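Written below as structure tokens is the structure these notes are about.
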Number of protein chains: 2
Amino acid sequence: MTHSDFKVLAFDVFGTVVDWHGSIAKEIVALGLPVDPNAFASVWRSGYQPAMARVRSGELPWTKIDDLHRMTLEQTLLTFGIDFLSEEQKKSLNLIWHRLAPWPDTVDGLQKLKTKFTIVTLSNGNLGLLSDMAKNAGLPWDLILSAEVFRHYKPDPETYLGVCEIFDLKPDQVMLVASHKDDLLAAHRCGLGTAFIERPDEFGPHHQRADLGRDPINTYHAKNFLDLANQLGCLS
Amino acid sequence: MTHSDFKVLAFDVFGTVVDWHGSIAKEIVALGLPVDPNAFASVWRSGYQPAMARVRSGELPWTKIDDLHRMTLEQTLLTFGIDFLSEEQKKSLNLIWHRLAPWPDTVDGLQKLKTKFTIVTLSNGNLGLLSDMAKNAGLPWDLILSAEVFRHYKPDPETYLGVCEIFDLKPDQVMLVASHKDDLLAAHRCGLGTAFIERPDEFGPHHQRADLGRDPINTYHAKNFLDLANQLGCLS
């Protein structure tokens, strides 16, 4: 497999493209909530996988991430004893996922990768969220794809294979770009190429990631999107 | 209803954003097919609504436009007695819908409209087709939406209301922009705003459109996208 065989790069978004932890912590500080902003971000995010698991198992009907985020926000506020936010304030706080900040290399890297590949999202975030985020942060996607299109959350195979089907491509013509090894492993099992991106600060300043080493299953391993663009010959 | 109430503009694509007739006729000439290129374009397109009707009625299972275009291409080739194209040539000809040319005002108009509104497609074209077209023609969509997302073809209400649901908006916060009155009427019946765009050349040089007059159901009536941007206060 050489990089010239790939036609489409599909990007995980939360953590890979945007800094959810830093963006949430910053907003919690700006709101003046009397909590540790890093702890708040971590606890809110920790509800994410279990909430999606309830949808994947069939316990909940299809529920979009905006609504799962709102459920986990309520739990998080309870955990931190915050009971004084108005409905309007909670609604606005929940929409922070629509305006998460990109990593410093994100926009430049995507612009470079876009010169050679079709670049798309493959995120569990819903379409409205991803569209707002792209408009706000200037993310130059060729197509925004979401679990919402496939009515399956990653790591269900329907998501990775769904990208191939949309572009009428074989799995080995599509590469998943992500900073999470479970996501990449699931894509690899479907026959897609995989590119791991190190995002050492994804989980905040107090969390040292122990999973940043090279993994032989991955087709590429890159520090960031500029490094990936370089490895894929896009810097010219 | 004033234009400040609209948040999202949803665009019909074939005919409204891109010139399908002219693009097809041009490619038929370039291919050197021994047929009237305008007649070929018209006949191919005339199979479009009946093919979608078979999906809408349930006679066919969900079938994406690429595949419906291929079915109607076969019929069109038969009509014109063209039996010498290879599979590769037919495949390439069918993909012309992925590289249709925009009208002269399209890209500038969309850029202006995008400064004030979220601009999305709402097309019966499939996602891969619309994504290729946007990349090729430089169409700056905030989000590409398709019948493929809703598994319903326009004018089914699920498509118009689906846009509202994705952005968590009421119907009167979304406006359909189209050059076809049946599409606009269906959107109007769902409570959306409507903007009619005159595209006098949509059906080629030998077809005089008789339906370009103002219609009281439409919220806006514009010559083209620049005129619409002007009416919506986007020219500053």
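Chains: A, B, ... in order of the structure tokens. Residues: from 1 per chain. Ligands: from 1, in order shown.
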Test item: residues at most 7 Å from range 217-233 of chain B, only C-alpha atoms, excluding those fewer than 2 positions along its chain, as a PyMOL selection string: chain B and resi 3+105-106+109-110+112-113+193-198+214-215+235
Would you mind exporting the chosen residues as a CSV table (one decimal), in the first residue's frame, restricted to C-alpha atoms?
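Final output, saved to part-v2.csv:
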```
chain,number,residue,atom,x,y,z
B,3,HIS,CA,-34.7,37.9,5.8
B,105,ASP,CA,-23.0,33.8,-10.7
B,106,THR,CA,-23.0,30.7,-8.6
B,109,GLY,CA,-23.2,34.4,-5.0
B,110,LEU,CA,-22.7,31.5,-2.6
B,112,LYS,CA,-21.7,36.3,-0.4
B,113,LEU,CA,-24.7,34.4,0.9
B,193,GLY,CA,-39.4,30.1,3.1
B,194,THR,CA,-38.8,29.9,-0.6
B,195,ALA,CA,-36.7,31.8,-3.1
B,196,PHE,CA,-37.2,31.3,-6.8
B,197,ILE,CA,-34.2,31.7,-9.1
B,198,GLU,CA,-34.7,32.4,-12.8
B,214,ARG,CA,-43.4,35.8,-10.1
B,215,ASP,CA,-45.4,33.5,-7.9
B,235,LEU,CA,-23.5,42.5,-0.6
```
Taking only residues of chain A that have an atom at most 9 Å from an atom of chain B, what is each one's shortest atom pair and its distance in Å to one decimal, using only C-alpha atoms, in chain and number order, as CSV?
```
residue,atom,partner,partner_atom,distance
A:Thr118,CA,B:Lys135,CA,8.2
A:Asn126,CA,B:Ile166,CA,8.0
A:Leu127,CA,B:Ile166,CA,6.5
A:Gly128,CA,B:Phe167,CA,5.1
A:Leu129,CA,B:Phe167,CA,8.2
A:Leu130,CA,B:Leu143,CA,8.7
A:Ser131,CA,B:Leu143,CA,5.8
A:Asp132,CA,B:Asp142,CA,8.0
A:Ala134,CA,B:Asp142,CA,7.4
A:Lys135,CA,B:Asp142,CA,6.4
A:Pro140,CA,B:Pro140,CA,8.9
A:Trp141,CA,B:Asp142,CA,8.8
A:Asp142,CA,B:Ser131,CA,6.0
A:Leu143,CA,B:Ser131,CA,5.8
A:Ile144,CA,B:Leu143,CA,6.6
A:Glu148,CA,B:Val149,CA,8.5
A:Val149,CA,B:Val149,CA,5.6
A:Phe150,CA,B:Val149,CA,8.2
A:Glu165,CA,B:Gly128,CA,8.9
A:Ile166,CA,B:Gly128,CA,5.4
A:Phe167,CA,B:Gly128,CA,5.1
A:Asp168,CA,B:Gly128,CA,7.9
```
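On the backbone of this structure, DSSP gives strand (DSSP E) within range 17-172 of chain A to Thr118, Ile119, Val120, Thr121, Leu122, Ser123, Leu143, Ile144, Leu145 and Ser146 of chain A.
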For those residues, write N, CA and C atoms to a file as a PDB file, in the first residue's frame.
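The resulting file, selection.pdb, is reproduced below:
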```pdb
ATOM      1  N   THR A 118      -9.529  13.708  -1.129  1.00  0.00           N
ATOM      2  CA  THR A 118     -10.829  14.182  -0.667  1.00  0.00           C
ATOM      3  C   THR A 118     -10.836  14.020   0.844  1.00  0.00           C
ATOM      4  N   ILE A 119     -11.099  15.105   1.555  1.00  0.00           N
ATOM      5  CA  ILE A 119     -11.053  15.040   3.021  1.00  0.00           C
ATOM      6  C   ILE A 119     -12.473  15.167   3.595  1.00  0.00           C
ATOM      7  N   VAL A 120     -12.805  14.206   4.438  1.00  0.00           N
ATOM      8  CA  VAL A 120     -14.159  14.163   5.002  1.00  0.00           C
ATOM      9  C   VAL A 120     -14.072  13.894   6.504  1.00  0.00           C
ATOM     10  N   THR A 121     -15.115  14.257   7.209  1.00  0.00           N
ATOM     11  CA  THR A 121     -15.207  13.867   8.614  1.00  0.00           C
ATOM     12  C   THR A 121     -15.822  12.470   8.694  1.00  0.00           C
ATOM     13  N   LEU A 122     -15.420  11.724   9.716  1.00  0.00           N
ATOM     14  CA  LEU A 122     -16.198  10.537  10.102  1.00  0.00           C
ATOM     15  C   LEU A 122     -16.247  10.571  11.620  1.00  0.00           C
ATOM     16  N   SER A 123     -17.282  11.241  12.101  1.00  0.00           N
ATOM     17  CA  SER A 123     -17.378  11.566  13.513  1.00  0.00           C
ATOM     18  C   SER A 123     -18.685  11.049  14.069  1.00  0.00           C
ATOM     19  N   LEU A 143     -16.540  16.969   2.454  1.00  0.00           N
ATOM     20  CA  LEU A 143     -17.849  16.403   2.812  1.00  0.00           C
ATOM     21  C   LEU A 143     -17.853  16.142   4.310  1.00  0.00           C
ATOM     22  N   ILE A 144     -18.966  16.466   4.938  1.00  0.00           N
ATOM     23  CA  ILE A 144     -19.128  16.186   6.362  1.00  0.00           C
ATOM     24  C   ILE A 144     -19.957  14.921   6.505  1.00  0.00           C
ATOM     25  N   LEU A 145     -19.332  13.883   7.028  1.00  0.00           N
ATOM     26  CA  LEU A 145     -20.049  12.628   7.276  1.00  0.00           C
ATOM     27  C   LEU A 145     -20.093  12.374   8.773  1.00  0.00           C
ATOM     28  N   SER A 146     -21.141  11.744   9.187  1.00  0.00           N
ATOM     29  CA  SER A 146     -21.409  11.571  10.609  1.00  0.00           C
ATOM     30  C   SER A 146     -22.087  10.242  10.842  1.00  0.00           C
TER      31      SER A 146
END
```
All residues 6 Å or closer to Leu9 in chain B, only C-alpha atoms, same chain fewer than 6 positions away omitted, as an MDAnalysis selection string: chainID B and resid 119 174:176
Straight-line distance linking CA of Val35 in chain A with CA of Leu77 in chain A, stated in Å to one decimal: 10.0 Å
Residues within 8 Å of Thr76 in chain B, only C-alpha atoms, excluding chain neighbours under 2 positions, as a PyMOL selection string: chain B and resi 40+43-44+72-74+78-80
Go ahead and write the selection's residues with C-alpha atoms as a PDB file, in the first residue's frame.
```
ATOM      1  CA  PHE B  40     -29.322  13.865 -25.873  1.00  0.00           C
ATOM      2  CA  VAL B  43     -33.741  12.873 -23.212  1.00  0.00           C
ATOM      3  CA  TRP B  44     -31.299  11.723 -20.545  1.00  0.00           C
ATOM      4  CA  THR B  72     -31.545   6.251 -17.697  1.00  0.00           C
ATOM      5  CA  LEU B  73     -28.260   6.560 -19.605  1.00  0.00           C
ATOM      6  CA  GLU B  74     -28.738   3.026 -20.937  1.00  0.00           C
ATOM      7  CA  LEU B  78     -30.775   2.922 -26.829  1.00  0.00           C
ATOM      8  CA  THR B  79     -33.041   5.771 -27.972  1.00  0.00           C
ATOM      9  CA  PHE B  80     -30.193   7.296 -29.972  1.00  0.00           C
TER      10      PHE B  80
END
```
In range 20-172 of chain A, DSSP helix (DSSP H, G or I) residues written as number ranges by chain: A: 20-31, 37-46, 48-56, 65-79, 87-98, 106-114, 127-137, 147-150, 157-166, 171-172
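The environment of range 157-162 of chain A within 7 Å, counting only C-alpha atoms and disregarding residues fewer than 4 places along the same chain, consists of Ala147, Phe150, His152, Tyr153, Ile166, Pro171, Ala187 and Cys190 of chain A.
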CA of His180 in chain B to CA of Leu60 in chain B, straight-line distance in Å: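 Separation between CA of Leu60 in chain B and CA of His180 in chain B: 24.9 Å.
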Atom-to-atom span, CA of Asn38 in chain A and CA of Asp19 in chain A, Å: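 Going from CA of Asn38 in chain A over to CA of Asp19 in chain A covers 12.6 Å.
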